[in-house]
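Trainee: What follows is upload.cif, mmCIF, C-alpha atoms.
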data_coords
loop_
_atom_site.group_PDB
_atom_site.id
_atom_site.type_symbol
_atom_site.label_atom_id
_atom_site.label_comp_id
_atom_site.auth_asym_id
_atom_site.auth_seq_id
_atom_site.Cartn_x
_atom_site.Cartn_y
_atom_site.Cartn_z
ATOM 1 C CA MET V 1 -2.899 -8.557 3.618
ATOM 2 C CA GLY V 2 0.643 -9.806 4.096
ATOM 3 C CA LEU V 3 3.076 -7.652 2.174
ATOM 4 C CA CYS V 4 6.280 -8.968 0.662
ATOM 5 C CA CYS V 5 8.779 -6.765 2.539
ATOM 6 C CA GLN V 6 9.126 -3.916 5.019
ATOM 7 C CA ALA V 7 10.060 -1.426 2.310
ATOM 8 C CA MET V 8 6.809 -2.102 0.426
ATOM 9 C CA GLU V 9 4.832 -1.715 3.644
ATOM 10 C CA TYR V 10 6.573 1.571 4.454
ATOM 11 C CA TYR V 11 6.095 3.127 1.020
ATOM 12 C CA LEU V 12 2.518 1.917 0.751
ATOM 13 C CA TYR V 13 1.245 3.094 4.141
ATOM 14 C CA ASN V 14 3.575 5.617 5.758
ATOM 15 C CA LEU V 15 3.923 8.521 3.352
ATOM 16 C CA GLU V 16 1.676 11.568 3.183
ATOM 17 C CA GLN V 17 -1.035 11.502 0.544
ATOM 18 C CA GLY V 18 0.426 12.809 -2.692
ATOM 19 C CA ASP V 19 3.905 11.510 -1.841
ATOM 20 C CA GLU V 20 3.061 7.868 -2.531
ATOM 21 C CA VAL V 21 5.700 5.792 -4.281
ATOM 22 C CA VAL V 22 3.371 2.796 -4.692
ATOM 23 C CA CYS V 23 -0.387 2.476 -4.372
ATOM 24 C CA TYR V 24 -2.886 -0.331 -3.894
ATOM 25 C CA SER V 25 -6.346 -0.735 -5.425
ATOM 26 C CA PRO V 26 -8.447 -2.986 -3.178
ATOM 27 C CA LYS V 27 -11.252 -3.468 -5.714
ATOM 28 C CA PHE V 28 -8.784 -4.791 -8.326
ATOM 29 C CA ASN V 29 -6.290 -6.311 -5.828
ATOM 30 C CA GLU V 30 -3.426 -4.667 -7.717
ATOM 31 C CA TYR V 31 -0.416 -2.509 -6.954
ATOM 32 C CA GLY V 32 0.951 0.338 -9.016
ATOM 33 C CA ILE V 33 3.182 3.351 -9.392
ATOM 34 C CA PRO V 34 1.046 6.483 -9.014
ATOM 35 C CA ILE V 35 0.848 8.991 -11.869
ATOM 36 C CA HIS V 36 0.389 12.637 -10.927
ATOM 37 C CA ASP V 37 -1.902 13.387 -13.862
ATOM 38 C CA GLY V 38 -4.750 15.203 -12.150
ATOM 39 C CA GLU V 39 -5.382 18.811 -11.297
ATOM 40 C CA ASN V 40 -2.534 20.351 -9.295
ATOM 41 C CA GLY V 41 -0.551 17.114 -9.631
ATOM 42 C CA SER V 42 -3.096 14.925 -7.878
ATOM 43 C CA ILE V 43 -2.982 11.183 -8.475
ATOM 44 C CA THR V 44 -5.799 9.881 -10.664
ATOM 45 C CA SER V 45 -4.179 6.783 -12.165
ATOM 46 C CA TYR V 46 -1.252 4.422 -11.827
ATOM 47 C CA ILE V 47 0.946 2.049 -13.769
ATOM 48 C CA GLN V 48 0.272 -1.489 -12.593
ATOM 49 C CA ILE V 49 3.280 -3.453 -11.327
ATOM 50 C CA GLN V 50 3.547 -7.228 -10.999
ATOM 51 C CA TYR V 51 6.702 -7.380 -8.841
ATOM 52 C CA CYS V 52 7.828 -5.557 -5.719
ATOM 53 C CA PRO V 53 10.284 -2.788 -6.667
ATOM 54 C CA TRP V 54 12.376 -3.497 -3.538
ATOM 55 C CA CYS V 55 12.546 -7.264 -3.034
ATOM 56 C CA GLY V 56 11.413 -8.515 -6.468
ATOM 57 C CA LYS V 57 8.709 -10.836 -5.120
ATOM 58 C CA LYS V 58 5.738 -11.478 -7.429
ATOM 59 C CA LEU V 59 2.684 -9.528 -6.305
ATOM 60 C CA PRO V 60 -0.845 -10.993 -6.381
ATOM 61 C CA ASP V 61 -2.520 -11.292 -9.764
ATOM 62 C CA SER V 62 -4.841 -8.419 -10.616
ATOM 63 C CA LEU V 63 -8.574 -9.093 -10.504
ATOM 64 C CA ARG V 64 -9.382 -6.176 -12.830
ATOM 65 C CA GLU V 65 -10.688 -8.334 -15.714
ATOM 66 C CA LYS V 66 -12.722 -10.489 -13.334
ATOM 67 C CA TRP V 67 -14.201 -7.299 -11.785
ATOM 68 C CA PHE V 68 -15.425 -6.148 -15.207
ATOM 69 C CA ASP V 69 -16.683 -9.665 -16.065
ATOM 70 C CA GLU V 70 -18.676 -9.925 -12.828
ATOM 71 C CA LEU V 71 -20.309 -6.524 -13.362
ATOM 72 C CA GLU V 72 -21.052 -7.295 -16.997
ATOM 73 C CA LYS V 73 -22.907 -10.428 -15.854
ATOM 74 C CA LEU V 74 -25.010 -8.139 -13.654
ATOM 75 C CA GLY V 75 -25.854 -5.920 -16.646
ATOM 76 C CA TYR V 76 -23.383 -3.058 -16.220
ATOM 77 C CA ASP V 77 -21.916 -2.109 -19.609
ATOM 78 C CA ASP V 78 -19.630 0.659 -18.320
ATOM 79 C CA PRO V 79 -19.068 0.124 -14.587
ATOM 80 C CA LEU V 80 -16.336 2.785 -14.293
ATOM 81 C CA SER V 81 -18.818 5.530 -15.149
ATOM 82 C CA ASP V 82 -21.863 3.987 -13.492
ATOM 83 C CA ASP V 83 -22.410 5.261 -9.949
ATOM 84 C CA GLY V 84 -25.160 2.683 -9.513
ATOM 85 C CA ILE V 85 -22.886 -0.355 -9.193
ATOM 86 C CA PRO V 86 -23.365 -2.369 -5.995
ATOM 87 C CA GLU V 87 -21.387 -0.985 -3.057
ATOM 88 C CA LYS V 88 -19.448 -4.228 -2.581
ATOM 89 C CA PHE V 89 -17.771 -3.699 -5.990
ATOM 90 C CA LYS V 90 -16.177 -0.451 -4.768
ATOM 91 C CA SER V 91 -13.888 -2.357 -2.390
ATOM 92 C CA ASN V 92 -12.411 -5.830 -2.004
ATOM 93 C CA GLU V 93 -15.709 -7.132 -0.608
ATOM 94 C CA TRP V 94 -16.796 -8.585 -3.976
ATOM 95 C CA TYR V 95 -13.976 -11.190 -4.040
ATOM 96 C CA GLN V 96 -13.661 -11.757 -0.268
ATOM 97 C CA LYS V 97 -16.523 -14.276 -0.157
#
Once you've parsed the file, please lay out its structure as structure tokens.

Mentor:
Amino acid sequence: MGLCCQAMEYYLYNLEQGDEVVCYSPKFNEYGIPIHDGENGSITSYIQIQYCPWCGKKLPDSLREKWFDELEKLGYDDPLSDDGIPEKFKSNEWYQK
């Protein structure tokens, strides 16, 4: 994955867990600003961003809707709560064909 700038690479990969400024979801191919909304301030969600906060370059389009569509075609009505979804849908493997 080629990132847009060195600042994005630094803040995405070089900070301790819990100190993240940006995060990446491989299964949705989307970037976001982490929200410390879990127990003891842990990160359980994020606000999706479409542009790099440092250089302004457009980030890749999210595949979130396509992820849900693909799993719906396979018969999964609520894939976020279904532990039985195929393993490839838990990473970027499902769209890296």

Trainee: I'd like to know which of V:Cys55, V:Arg64, V:His36, V:Asn92 is closest to Glu9 in chain V, using all atoms listed in the file.

Mentor: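 Of V:Cys55, V:Arg64, V:His36, V:Asn92, the one nearest Glu9 in chain V, counting all atoms listed in the file, is V:Cys55.
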
Trainee: Write out as a list in words each polymer residue whose atoms come within 12 Å of Phe89 in chain V, counting only C-alpha atoms; drop sequence neighbours fewer than 6 positions from it.

Mentor: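 So, after excluding close chain neighbours, the residues are Ser25, Pro26, Lys27, Phe28, Asn29, Leu63, Arg64, Lys66, Trp67, Phe68, Asp69, Glu70, Leu71, Leu74, Tyr76, Pro79, Leu80, Asp82, Asp83, Tyr95 and Gln96 of chain V.
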
Trainee: Quick one: pull the distance between CA of Glu20 in chain V and CA of Gly84 in chain V, Å, one decimal.

Mentor: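 CA of Gly84 in chain V lies 29.5 Å from CA of Glu20 in chain V.
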
Trainee: Find the residue from V:Asp78, V:Glu72, V:Asp19, V:Glu93 that sits nearest to Ile33 in chain V; use all atoms listed in the file when measuring.

Mentor: V:Asp19

Trainee: Given the file above and the PyMOL selection byres ((chain V and resi 3) around 12), which residues are selected, and can you give them as a tab-separated table (two decimals) with C-alpha atoms, in the coordinates of the input?

Mentor:
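Ended up saving to result37.tsv:
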chain	number	residue	atom	x	y	z
V	1	MET	CA	-2.90	-8.56	3.62
V	2	GLY	CA	0.64	-9.81	4.10
V	4	CYS	CA	6.28	-8.97	0.66
V	5	CYS	CA	8.78	-6.76	2.54
V	6	GLN	CA	9.13	-3.92	5.02
V	7	ALA	CA	10.06	-1.43	2.31
V	8	MET	CA	6.81	-2.10	0.43
V	9	GLU	CA	4.83	-1.72	3.64
V	10	TYR	CA	6.57	1.57	4.45
V	11	TYR	CA	6.10	3.13	1.02
V	12	LEU	CA	2.52	1.92	0.75
V	13	TYR	CA	1.25	3.09	4.14
V	24	TYR	CA	-2.89	-0.33	-3.89
V	31	TYR	CA	-0.42	-2.51	-6.95
V	51	TYR	CA	6.70	-7.38	-8.84
V	52	CYS	CA	7.83	-5.56	-5.72
V	54	TRP	CA	12.38	-3.50	-3.54
V	55	CYS	CA	12.55	-7.26	-3.03
V	57	LYS	CA	8.71	-10.84	-5.12
V	58	LYS	CA	5.74	-11.48	-7.43
V	59	LEU	CA	2.68	-9.53	-6.30
V	60	PRO	CA	-0.84	-10.99	-6.38

Trainee: Once the PyMOL selection byres ((chain V and resi 32) around 9) is applied to the coordinates I shared, what remains selected? I want it as a ChimeraX atom specification.

Mentor: /V:21-25,30-31,33-34,45-50

Trainee: Provide the CA of Ser91 in chain V to CA of Asp61 in chain V distance in Å, to one decimal place.

Mentor: 16.2 Å

Trainee: What separation in Å, quoted to one decimal, exists between CA of Ser81 in chain V and CA of Ile43 in chain V?

Mentor: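 Going from CA of Ser81 in chain V over to CA of Ile43 in chain V covers 18.1 Å.
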
Trainee: Write range 53-78 of chain V as a CSV table (one decimal), in the frame of the given file, completed to N, CA, C and O atoms.

Mentor:
chain,number,residue,atom,x,y,z
V,53,PRO,N,9.1,-3.5,-6.2
V,53,PRO,CA,10.3,-2.8,-6.7
V,53,PRO,C,11.5,-2.9,-5.7
V,53,PRO,O,12.6,-2.7,-6.1
V,54,TRP,N,11.3,-3.4,-4.5
V,54,TRP,CA,12.4,-3.5,-3.5
V,54,TRP,C,12.9,-4.9,-3.4
V,54,TRP,O,14.1,-5.1,-3.4
V,55,CYS,N,12.0,-5.9,-3.3
V,55,CYS,CA,12.5,-7.3,-3.0
V,55,CYS,C,12.4,-8.2,-4.3
V,55,CYS,O,12.9,-9.3,-4.3
V,56,GLY,N,11.6,-7.7,-5.2
V,56,GLY,CA,11.4,-8.5,-6.5
V,56,GLY,C,10.4,-9.6,-6.4
V,56,GLY,O,10.1,-10.3,-7.4
V,57,LYS,N,9.7,-9.8,-5.2
V,57,LYS,CA,8.7,-10.8,-5.1
V,57,LYS,C,7.5,-10.5,-6.0
V,57,LYS,O,7.1,-9.4,-6.2
V,58,LYS,N,6.9,-11.6,-6.6
V,58,LYS,CA,5.7,-11.5,-7.4
V,58,LYS,C,4.6,-11.0,-6.6
V,58,LYS,O,4.3,-11.6,-5.5
V,59,LEU,N,3.9,-10.0,-7.0
V,59,LEU,CA,2.7,-9.5,-6.3
V,59,LEU,C,1.5,-10.3,-6.8
V,59,LEU,O,1.5,-11.0,-7.8
V,60,PRO,N,0.4,-10.2,-6.0
V,60,PRO,CA,-0.8,-11.0,-6.4
V,60,PRO,C,-1.3,-10.6,-7.8
V,60,PRO,O,-1.2,-9.5,-8.2
V,61,ASP,N,-1.9,-11.6,-8.4
V,61,ASP,CA,-2.5,-11.3,-9.8
V,61,ASP,C,-3.7,-10.3,-9.6
V,61,ASP,O,-4.5,-10.4,-8.7
V,62,SER,N,-3.8,-9.4,-10.6
V,62,SER,CA,-4.8,-8.4,-10.6
V,62,SER,C,-6.2,-9.1,-10.9
V,62,SER,O,-6.2,-10.1,-11.6
V,63,LEU,N,-7.2,-8.6,-10.3
V,63,LEU,CA,-8.6,-9.1,-10.5
V,63,LEU,C,-9.4,-8.1,-11.4
V,63,LEU,O,-10.6,-8.2,-11.4
V,64,ARG,N,-8.7,-7.2,-12.0
V,64,ARG,CA,-9.4,-6.2,-12.8
V,64,ARG,C,-10.3,-6.8,-13.9
V,64,ARG,O,-11.5,-6.4,-14.0
V,65,GLU,N,-9.8,-7.7,-14.7
V,65,GLU,CA,-10.7,-8.3,-15.7
V,65,GLU,C,-11.9,-9.1,-15.1
V,65,GLU,O,-13.0,-9.0,-15.6
V,66,LYS,N,-11.6,-9.8,-14.0
V,66,LYS,CA,-12.7,-10.5,-13.3
V,66,LYS,C,-13.8,-9.5,-12.8
V,66,LYS,O,-15.0,-9.8,-12.8
V,67,TRP,N,-13.3,-8.3,-12.3
V,67,TRP,CA,-14.2,-7.3,-11.8
V,67,TRP,C,-15.2,-6.9,-12.9
V,67,TRP,O,-16.4,-6.8,-12.7
V,68,PHE,N,-14.6,-6.6,-14.1
V,68,PHE,CA,-15.4,-6.1,-15.2
V,68,PHE,C,-16.4,-7.3,-15.6
V,68,PHE,O,-17.5,-7.0,-15.9
V,69,ASP,N,-15.9,-8.5,-15.7
V,69,ASP,CA,-16.7,-9.7,-16.1
V,69,ASP,C,-17.9,-9.8,-15.1
V,69,ASP,O,-19.0,-10.1,-15.6
V,70,GLU,N,-17.6,-9.8,-13.8
V,70,GLU,CA,-18.7,-9.9,-12.8
V,70,GLU,C,-19.8,-8.8,-13.0
V,70,GLU,O,-20.9,-9.1,-12.9
V,71,LEU,N,-19.3,-7.6,-13.2
V,71,LEU,CA,-20.3,-6.5,-13.4
V,71,LEU,C,-21.1,-6.6,-14.7
V,71,LEU,O,-22.2,-6.3,-14.8
V,72,GLU,N,-20.4,-7.1,-15.7
V,72,GLU,CA,-21.1,-7.3,-17.0
V,72,GLU,C,-22.2,-8.3,-16.9
V,72,GLU,O,-23.2,-8.2,-17.4
V,73,LYS,N,-21.9,-9.4,-16.1
V,73,LYS,CA,-22.9,-10.4,-15.9
V,73,LYS,C,-24.1,-9.8,-15.2
V,73,LYS,O,-25.2,-10.3,-15.3
V,74,LEU,N,-23.9,-8.8,-14.4
V,74,LEU,CA,-25.0,-8.1,-13.7
V,74,LEU,C,-25.7,-7.1,-14.5
V,74,LEU,O,-26.6,-6.4,-14.0
V,75,GLY,N,-25.2,-6.9,-15.7
V,75,GLY,CA,-25.9,-5.9,-16.6
V,75,GLY,C,-25.2,-4.5,-16.7
V,75,GLY,O,-25.8,-3.6,-17.3
V,76,TYR,N,-24.1,-4.4,-16.2
V,76,TYR,CA,-23.4,-3.1,-16.2
V,76,TYR,C,-22.4,-3.0,-17.4
V,76,TYR,O,-21.4,-3.8,-17.4
V,77,ASP,N,-22.7,-2.2,-18.4
V,77,ASP,CA,-21.9,-2.1,-19.6
V,77,ASP,C,-20.7,-1.3,-19.4
V,77,ASP,O,-19.6,-1.5,-20.0
V,78,ASP,N,-20.8,-0.2,-18.6
V,78,ASP,CA,-19.6,0.7,-18.3
V,78,ASP,C,-19.5,0.9,-16.8
V,78,ASP,O,-19.9,2.0,-16.4
